[in-house]
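Trainee: Structure in structure tokens, see below.
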There are 2 protein chains.
Amino acid sequence: MAERSGRVICDITISVDGYAAGLNQTEKRPFGDDGGDGSGARLHAWMFDTPDENRAEIDQMAAAEAFIMGRNMFGPVRGAWDRQWNGWWGGEPPFHAPVFVLTHHARDPQTMNGGTTYHFVTDGITSALTRARAAADGGDVLVQGGATTINQYLAAGLIDELRLHLVPFTLGAGPRLFEGAPSLRLEQVSSRSATLVTHLTYRVLP
Amino acid sequence: MAERSGRVICDITISVDGYAAGLNQTEKRPFGDDGGDGSGARLHAWMFDTPDENRAEIDQMAAAEAFIMGRNMFGPVRGAWDRQWNGWWGGEPPFHAPVFVLTHHARDPQTMNGGTTYHFVTDGITSALTRARAAADGGDVLVQGGATTINQYLAAGLIDELRLHLVPFTLGAGPRLFEGAPSLRLEQVSSRSATLVTHLTYRVLP
């Protein structure tokens, strides 16, 4: 079998003004002031309310063989791990693969049901990517978010492909995709509109 | 003939991070630090380099029967009209209709070839819209830009439809669409990708 050459992909849902969440995240409102109940259900209505229409994009996300996320995407705990927090996704998270969580606070890996293990990486985004690449073993690595984490990877020139899911409202404040990222040249790979979303895929040019 | 009920449309080309121009506009560089020569040719390559592919969107823009623009879009002159400046578009501008220019400095109307007359409006965006609606006589009014002007109209709840032309690069700084605008709920009307652009049309919901 030919050796697979995994890509580094970021995949994120943003409002038409570029925000991936609102301000004021809490445990009960992981997406903060998102114009809805804070659960992210408004931003992700395309996934939850119209999954059939968006099956390809949802499946594509799940096809990655390792994931990276920022600590705020993982949970509301700040500072030291002063309680057992195992992500927002319950006992069987939808990743079914290793997930590398960026944090300043060391913690042992946490194995969940269904093939997901959370690994906690304290030595930076490059180290997390090296570990994720090794875990993916030639498959794709997906930088899941949030926007702040993706922006760090964009700034470091480490993203090959952007998959944006643009939803039809503005948020006006929050973590914004591309904030602080350098000038990027992109190539449009595809776009498709469904009822509640426009899917845009770009390749990052050197 | 049935009475026409004109819409108020904004039509603007933006980078994927939402900027309609770069910083540092000058007479020689109307789009400032736009990652190219400042002429806007980079942002508008879809119009100039691939017009056949984008004929529908270009024609749709020209179909408006009155236009509104901010003074910085009209030209580089600041403060009083201390010299004769008749826009960036030469002796026969592509509007072929009345153009209402927002300014704090009164000036007599300027008639150009081909049906364009520049009117200078000193009493605000609502007044400019009232005059543009009257001039359009039931046809569409197009708020042409820049982003700052469109944001004022969005904040005032005066836009019916947004036509965005999303181009595949980031600018990182400049006048940004939606900056300071309130939360908007939109309905996706259409989207289409061409080689150098994705066209997105949204209706603004009440």
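Order determines the names: the first chain of the structure tokens is A, the second B, and so forth; residues in each chain are numbered 1 upward, and ligands are numbered 1 upward as they are shown.
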Identify all chain B residues at most 7 Å from chain A by counting only C-alpha atoms; ligands do not count. Present them as a list of chain:residue names.

Mentor: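 The answer, sorted by residue number, is B:Asp17, B:Gly18, B:Pro168, B:Phe169, B:Thr170, B:Leu171, B:Gly172, B:Phe178, B:Pro182, B:Ser183, B:Leu184, B:Arg185, B:Leu186, B:Glu187, B:Gln188, B:Ser191, B:Ser193.
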
Trainee: Pick out the residues sitting within 9 Å of Thr26 (chain A), and hand them over as a list in words; count only C-alpha atoms, and ignore anything fewer than 2 positions along from it in its own chain.

Mentor: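 Near neighbours after the sequence-gap exclusion: Asn24, Lys28, Arg29, Pro30, Phe31, Gly32, Gly38, Gly75 and Pro76 of chain A.
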
Trainee: Please produce a file of those selected residues containing N, CA and C atoms, as a PDB file, in the first residue's frame.

Mentor:
ATOM      1  N   ASN A  24     -17.660  35.193  26.864  1.00  0.00           N
ATOM      2  CA  ASN A  24     -18.210  34.760  28.153  1.00  0.00           C
ATOM      3  C   ASN A  24     -18.563  33.273  28.219  1.00  0.00           C
ATOM      4  N   LYS A  28     -21.894  25.979  31.553  1.00  0.00           N
ATOM      5  CA  LYS A  28     -23.243  25.772  31.011  1.00  0.00           C
ATOM      6  C   LYS A  28     -23.405  26.353  29.612  1.00  0.00           C
ATOM      7  N   ARG A  29     -22.495  27.274  29.255  1.00  0.00           N
ATOM      8  CA  ARG A  29     -22.607  27.951  27.964  1.00  0.00           C
ATOM      9  C   ARG A  29     -21.250  27.898  27.264  1.00  0.00           C
ATOM     10  N   PRO A  30     -20.885  26.712  26.731  1.00  0.00           N
ATOM     11  CA  PRO A  30     -19.539  26.559  26.146  1.00  0.00           C
ATOM     12  C   PRO A  30     -19.269  27.525  24.991  1.00  0.00           C
ATOM     13  N   PHE A  31     -20.314  27.973  24.321  1.00  0.00           N
ATOM     14  CA  PHE A  31     -20.117  28.922  23.227  1.00  0.00           C
ATOM     15  C   PHE A  31     -20.441  30.358  23.632  1.00  0.00           C
ATOM     16  N   GLY A  32     -20.678  30.550  24.927  1.00  0.00           N
ATOM     17  CA  GLY A  32     -20.864  31.902  25.443  1.00  0.00           C
ATOM     18  C   GLY A  32     -22.038  32.612  24.795  1.00  0.00           C
ATOM     19  N   GLY A  38     -26.146  29.443  24.193  1.00  0.00           N
ATOM     20  CA  GLY A  38     -24.751  29.293  24.591  1.00  0.00           C
ATOM     21  C   GLY A  38     -24.193  27.901  24.365  1.00  0.00           C
ATOM     22  N   GLY A  75     -12.803  22.428  27.531  1.00  0.00           N
ATOM     23  CA  GLY A  75     -13.632  22.603  28.716  1.00  0.00           C
ATOM     24  C   GLY A  75     -13.506  23.965  29.357  1.00  0.00           C
ATOM     25  N   PRO A  76     -14.268  24.195  30.409  1.00  0.00           N
ATOM     26  CA  PRO A  76     -14.287  25.498  31.087  1.00  0.00           C
ATOM     27  C   PRO A  76     -13.258  25.628  32.205  1.00  0.00           C
TER      28      PRO A  76
END

Trainee: Residues at most 12 Å from region 148-151 of chain A, counting only C-alpha atoms, excluding those fewer than 2 positions away in the same chain, as a PDB file with N, CA and C atoms, in the first residue's frame?

Mentor:
ATOM      1  N   VAL A   8      -2.849  18.530   7.290  1.00  0.00           N
ATOM      2  CA  VAL A   8      -3.276  19.202   8.513  1.00  0.00           C
ATOM      3  C   VAL A   8      -4.421  20.132   8.127  1.00  0.00           C
ATOM      4  N   ILE A   9      -5.574  19.846   8.661  1.00  0.00           N
ATOM      5  CA  ILE A   9      -6.801  20.504   8.235  1.00  0.00           C
ATOM      6  C   ILE A   9      -7.397  21.246   9.414  1.00  0.00           C
ATOM      7  N   CYS A  10      -7.884  22.451   9.163  1.00  0.00           N
ATOM      8  CA  CYS A  10      -8.718  23.043  10.202  1.00  0.00           C
ATOM      9  C   CYS A  10     -10.141  23.063   9.708  1.00  0.00           C
ATOM     10  N   ASP A  11     -11.049  22.795  10.591  1.00  0.00           N
ATOM     11  CA  ASP A  11     -12.457  22.616  10.242  1.00  0.00           C
ATOM     12  C   ASP A  11     -13.255  23.347  11.302  1.00  0.00           C
ATOM     13  N   ILE A  12     -13.938  24.411  10.902  1.00  0.00           N
ATOM     14  CA  ILE A  12     -14.585  25.218  11.938  1.00  0.00           C
ATOM     15  C   ILE A  12     -15.821  25.928  11.384  1.00  0.00           C
ATOM     16  N   THR A  13     -16.810  26.039  12.236  1.00  0.00           N
ATOM     17  CA  THR A  13     -18.035  26.759  11.911  1.00  0.00           C
ATOM     18  C   THR A  13     -17.897  28.200  12.396  1.00  0.00           C
ATOM     19  N   TYR A  19     -16.760  34.888  13.556  1.00  0.00           N
ATOM     20  CA  TYR A  19     -16.614  34.444  14.943  1.00  0.00           C
ATOM     21  C   TYR A  19     -16.982  32.971  15.099  1.00  0.00           C
ATOM     22  N   ALA A  20     -16.172  32.265  15.897  1.00  0.00           N
ATOM     23  CA  ALA A  20     -16.385  30.832  16.117  1.00  0.00           C
ATOM     24  C   ALA A  20     -17.137  30.571  17.407  1.00  0.00           C
ATOM     25  N   ALA A  21     -17.346  31.603  18.185  1.00  0.00           N
ATOM     26  CA  ALA A  21     -18.080  31.510  19.449  1.00  0.00           C
ATOM     27  C   ALA A  21     -18.311  32.941  19.912  1.00  0.00           C
ATOM     28  N   ILE A  68      -6.622  17.913  17.242  1.00  0.00           N
ATOM     29  CA  ILE A  68      -5.958  18.850  18.156  1.00  0.00           C
ATOM     30  C   ILE A  68      -7.008  19.881  18.568  1.00  0.00           C
ATOM     31  N   MET A  69      -7.030  20.229  19.833  1.00  0.00           N
ATOM     32  CA  MET A  69      -7.918  21.317  20.244  1.00  0.00           C
ATOM     33  C   MET A  69      -7.304  22.143  21.361  1.00  0.00           C
ATOM     34  N   GLY A  70      -7.762  23.360  21.473  1.00  0.00           N
ATOM     35  CA  GLY A  70      -7.339  24.230  22.557  1.00  0.00           C
ATOM     36  C   GLY A  70      -8.057  23.863  23.845  1.00  0.00           C
ATOM     37  N   ARG A  71      -7.510  24.320  24.930  1.00  0.00           N
ATOM     38  CA  ARG A  71      -8.099  23.934  26.208  1.00  0.00           C
ATOM     39  C   ARG A  71      -9.503  24.505  26.401  1.00  0.00           C
ATOM     40  N   ASN A  72      -9.760  25.689  25.904  1.00  0.00           N
ATOM     41  CA  ASN A  72     -11.094  26.262  26.080  1.00  0.00           C
ATOM     42  C   ASN A  72     -12.142  25.520  25.261  1.00  0.00           C
ATOM     43  N   MET A  73     -11.704  24.914  24.173  1.00  0.00           N
ATOM     44  CA  MET A  73     -12.645  24.075  23.449  1.00  0.00           C
ATOM     45  C   MET A  73     -12.903  22.786  24.218  1.00  0.00           C
ATOM     46  N   PHE A  74     -11.860  22.315  24.916  1.00  0.00           N
ATOM     47  CA  PHE A  74     -12.012  21.074  25.687  1.00  0.00           C
ATOM     48  C   PHE A  74     -12.927  21.269  26.895  1.00  0.00           C
ATOM     49  N   PHE A 100      -5.425  15.642  20.991  1.00  0.00           N
ATOM     50  CA  PHE A 100      -4.350  16.315  21.696  1.00  0.00           C
ATOM     51  C   PHE A 100      -4.838  17.682  22.148  1.00  0.00           C
ATOM     52  N   VAL A 101      -4.879  17.863  23.468  1.00  0.00           N
ATOM     53  CA  VAL A 101      -5.431  19.078  24.061  1.00  0.00           C
ATOM     54  C   VAL A 101      -4.270  19.968  24.509  1.00  0.00           C
ATOM     55  N   LEU A 102      -4.254  21.197  23.993  1.00  0.00           N
ATOM     56  CA  LEU A 102      -3.202  22.144  24.372  1.00  0.00           C
ATOM     57  C   LEU A 102      -3.505  22.733  25.751  1.00  0.00           C
ATOM     58  N   THR A 103      -2.551  22.689  26.632  1.00  0.00           N
ATOM     59  CA  THR A 103      -2.756  23.218  27.989  1.00  0.00           C
ATOM     60  C   THR A 103      -1.402  23.588  28.590  1.00  0.00           C
ATOM     61  N   GLY A 124       3.507  23.076  23.693  1.00  0.00           N
ATOM     62  CA  GLY A 124       3.276  23.939  22.534  1.00  0.00           C
ATOM     63  C   GLY A 124       2.656  23.282  21.323  1.00  0.00           C
ATOM     64  N   ILE A 125       2.276  24.141  20.371  1.00  0.00           N
ATOM     65  CA  ILE A 125       1.500  23.675  19.222  1.00  0.00           C
ATOM     66  C   ILE A 125       2.308  22.781  18.282  1.00  0.00           C
ATOM     67  N   THR A 126       3.608  23.044  18.158  1.00  0.00           N
ATOM     68  CA  THR A 126       4.414  22.227  17.254  1.00  0.00           C
ATOM     69  C   THR A 126       4.546  20.812  17.788  1.00  0.00           C
ATOM     70  N   ALA A 128       2.439  19.365  19.806  1.00  0.00           N
ATOM     71  CA  ALA A 128       1.128  18.704  19.672  1.00  0.00           C
ATOM     72  C   ALA A 128       0.947  18.175  18.258  1.00  0.00           C
ATOM     73  N   LEU A 129       1.386  18.955  17.271  1.00  0.00           N
ATOM     74  CA  LEU A 129       1.225  18.506  15.885  1.00  0.00           C
ATOM     75  C   LEU A 129       2.119  17.305  15.588  1.00  0.00           C
ATOM     76  N   LEU A 142      -6.757  16.814  12.235  1.00  0.00           N
ATOM     77  CA  LEU A 142      -7.734  17.895  12.179  1.00  0.00           C
ATOM     78  C   LEU A 142      -7.574  18.816  13.389  1.00  0.00           C
ATOM     79  N   VAL A 143      -7.258  20.080  13.099  1.00  0.00           N
ATOM     80  CA  VAL A 143      -7.208  21.080  14.160  1.00  0.00           C
ATOM     81  C   VAL A 143      -8.635  21.582  14.329  1.00  0.00           C
ATOM     82  N   GLN A 144      -9.224  21.184  15.440  1.00  0.00           N
ATOM     83  CA  GLN A 144     -10.670  21.294  15.604  1.00  0.00           C
ATOM     84  C   GLN A 144     -11.094  22.681  16.093  1.00  0.00           C
ATOM     85  N   GLY A 145     -10.226  23.362  16.753  1.00  0.00           N
ATOM     86  CA  GLY A 145     -10.598  24.687  17.262  1.00  0.00           C
ATOM     87  C   GLY A 145     -10.097  24.851  18.674  1.00  0.00           C
ATOM     88  N   GLY A 146     -10.510  25.954  19.367  1.00  0.00           N
ATOM     89  CA  GLY A 146     -11.283  27.012  18.772  1.00  0.00           C
ATOM     90  C   GLY A 146     -10.481  27.908  17.857  1.00  0.00           C
ATOM     91  N   TYR A 153      -1.963  28.051  14.718  1.00  0.00           N
ATOM     92  CA  TYR A 153      -1.445  27.152  13.675  1.00  0.00           C
ATOM     93  C   TYR A 153      -1.329  27.863  12.324  1.00  0.00           C
ATOM     94  N   LEU A 154      -2.277  28.743  12.020  1.00  0.00           N
ATOM     95  CA  LEU A 154      -2.171  29.523  10.767  1.00  0.00           C
ATOM     96  C   LEU A 154      -0.946  30.427  10.815  1.00  0.00           C
ATOM     97  N   ALA A 155      -0.744  31.073  11.961  1.00  0.00           N
ATOM     98  CA  ALA A 155       0.394  31.989  12.089  1.00  0.00           C
ATOM     99  C   ALA A 155       1.715  31.244  11.926  1.00  0.00           C
ATOM    100  N   ALA A 156       1.731  29.984  12.353  1.00  0.00           N
ATOM    101  CA  ALA A 156       2.952  29.177  12.244  1.00  0.00           C
ATOM    102  C   ALA A 156       3.093  28.514  10.876  1.00  0.00           C
ATOM    103  N   GLY A 157       2.107  28.736  10.005  1.00  0.00           N
ATOM    104  CA  GLY A 157       2.189  28.163   8.658  1.00  0.00           C
ATOM    105  C   GLY A 157       2.019  26.655   8.626  1.00  0.00           C
ATOM    106  N   LEU A 158       1.256  26.127   9.558  1.00  0.00           N
ATOM    107  CA  LEU A 158       1.167  24.665   9.704  1.00  0.00           C
ATOM    108  C   LEU A 158      -0.137  24.062   9.178  1.00  0.00           C
ATOM    109  N   ILE A 159      -1.012  24.883   8.588  1.00  0.00           N
ATOM    110  CA  ILE A 159      -2.299  24.369   8.099  1.00  0.00           C
ATOM    111  C   ILE A 159      -2.237  24.182   6.578  1.00  0.00           C
ATOM    112  N   ASP A 160      -2.679  23.024   6.110  1.00  0.00           N
ATOM    113  CA  ASP A 160      -2.727  22.758   4.660  1.00  0.00           C
ATOM    114  C   ASP A 160      -4.075  23.118   4.054  1.00  0.00           C
ATOM    115  N   GLU A 161      -5.123  22.905   4.816  1.00  0.00           N
ATOM    116  CA  GLU A 161      -6.463  23.081   4.249  1.00  0.00           C
ATOM    117  C   GLU A 161      -7.388  23.669   5.290  1.00  0.00           C
ATOM    118  N   LEU A 162      -8.219  24.611   4.836  1.00  0.00           N
ATOM    119  CA  LEU A 162      -9.242  25.227   5.694  1.00  0.00           C
ATOM    120  C   LEU A 162     -10.614  24.760   5.236  1.00  0.00           C
ATOM    121  N   ARG A 163     -11.395  24.244   6.164  1.00  0.00           N
ATOM    122  CA  ARG A 163     -12.794  23.951   5.842  1.00  0.00           C
ATOM    123  C   ARG A 163     -13.654  24.825   6.723  1.00  0.00           C
ATOM    124  N   LEU A 164     -14.297  25.783   6.100  1.00  0.00           N
ATOM    125  CA  LEU A 164     -15.116  26.738   6.850  1.00  0.00           C
ATOM    126  C   LEU A 164     -16.587  26.442   6.599  1.00  0.00           C
ATOM    127  N   GLY A 174     -16.206  37.964  20.069  1.00  0.00           N
ATOM    128  CA  GLY A 174     -15.833  36.601  20.443  1.00  0.00           C
ATOM    129  C   GLY A 174     -14.497  36.256  19.830  1.00  0.00           C
ATOM    130  N   PRO A 175     -14.067  35.004  19.950  1.00  0.00           N
ATOM    131  CA  PRO A 175     -12.845  34.571  19.262  1.00  0.00           C
ATOM    132  C   PRO A 175     -13.102  34.569  17.755  1.00  0.00           C
ATOM    133  N   ARG A 176     -12.239  35.265  17.014  1.00  0.00           N
ATOM    134  CA  ARG A 176     -12.475  35.437  15.575  1.00  0.00           C
ATOM    135  C   ARG A 176     -11.414  34.701  14.772  1.00  0.00           C
ATOM    136  N   LEU A 177     -11.870  33.920  13.806  1.00  0.00           N
ATOM    137  CA  LEU A 177     -10.933  33.234  12.927  1.00  0.00           C
ATOM    138  C   LEU A 177     -10.105  34.267  12.160  1.00  0.00           C
ATOM    139  N   PHE A 178      -8.839  33.982  11.963  1.00  0.00           N
ATOM    140  CA  PHE A 178      -7.881  34.803  11.205  1.00  0.00           C
ATOM    141  C   PHE A 178      -7.343  35.990  12.003  1.00  0.00           C
ATOM    142  N   GLU A 179      -7.884  36.244  13.201  1.00  0.00           N
ATOM    143  CA  GLU A 179      -7.383  37.357  14.011  1.00  0.00           C
ATOM    144  C   GLU A 179      -5.908  37.117  14.311  1.00  0.00           C
ATOM    145  N   GLY A 180      -5.075  38.061  13.953  1.00  0.00           N
ATOM    146  CA  GLY A 180      -3.655  37.931  14.245  1.00  0.00           C
ATOM    147  C   GLY A 180      -2.917  36.958  13.348  1.00  0.00           C
ATOM    148  N   ALA A 181      -3.638  36.311  12.428  1.00  0.00           N
ATOM    149  CA  ALA A 181      -2.947  35.423  11.491  1.00  0.00           C
ATOM    150  C   ALA A 181      -2.287  36.278  10.417  1.00  0.00           C
ATOM    151  N   PRO A 182      -1.255  35.763   9.801  1.00  0.00           N
ATOM    152  CA  PRO A 182      -0.557  36.553   8.778  1.00  0.00           C
ATOM    153  C   PRO A 182      -1.369  36.557   7.489  1.00  0.00           C
ATOM    154  N   SER A 183      -0.903  37.295   6.498  1.00  0.00           N
ATOM    155  CA  SER A 183      -1.547  37.269   5.191  1.00  0.00           C
ATOM    156  C   SER A 183      -1.463  35.868   4.617  1.00  0.00           C
ATOM    157  N   LEU A 184      -2.590  35.355   4.230  1.00  0.00           N
ATOM    158  CA  LEU A 184      -2.651  34.019   3.642  1.00  0.00           C
ATOM    159  C   LEU A 184      -3.122  34.128   2.211  1.00  0.00           C
TER     160      LEU A 184
ATOM    161  N   ASP B  17     -11.189  37.136   5.405  1.00  0.00           N
ATOM    162  CA  ASP B  17     -11.272  37.630   6.780  1.00  0.00           C
ATOM    163  C   ASP B  17     -12.054  38.943   6.881  1.00  0.00           C
ATOM    164  N   GLY B 172      -5.958  41.033   6.911  1.00  0.00           N
ATOM    165  CA  GLY B 172      -5.483  41.222   8.290  1.00  0.00           C
ATOM    166  C   GLY B 172      -5.747  42.588   8.889  1.00  0.00           C
TER     167      GLY B 172
END

Trainee: Neighbouring residues of Gln84 (chain A) were defined as those with any atom within 12 Å, considering only C-alpha atoms; residues of the same chain fewer than 3 positions away were excluded. Please report them as an NGL selection string.

Mentor: :A and (75-77 or 80-81 or 87 or 107-108 or 110)

Trainee: So that I can check the secondary structure, give me every residue of region 24-162 of chain A assigned alpha helix (DSSP H) by backbone DSSP, as a PyMOL selection string.

Mentor: chain A and resi 45-48+55-62+71-74+125-136+147-155

Trainee: What's the 7 Å shell around region 48-64 of chain B, counting only C-alpha atoms, without same-chain residues fewer than 4 positions away, as number ranges by chain?

Mentor: B: 44, 95, 139-142, 194

Trainee: Could you please determine the separation between CA of Gly36 (chain B) and CA of Ile14 (chain A) in Å, to one decimal place?

Mentor: 27.1 Å

Trainee: Please identify which residues in chain B DSSP calls strand (DSSP E) from the backbone, and express them as a PyMOL selection string.

Mentor: chain B and resi 8-15+66-69+98-102+110-111+117-121+141-145+161-167+186-194+197-204
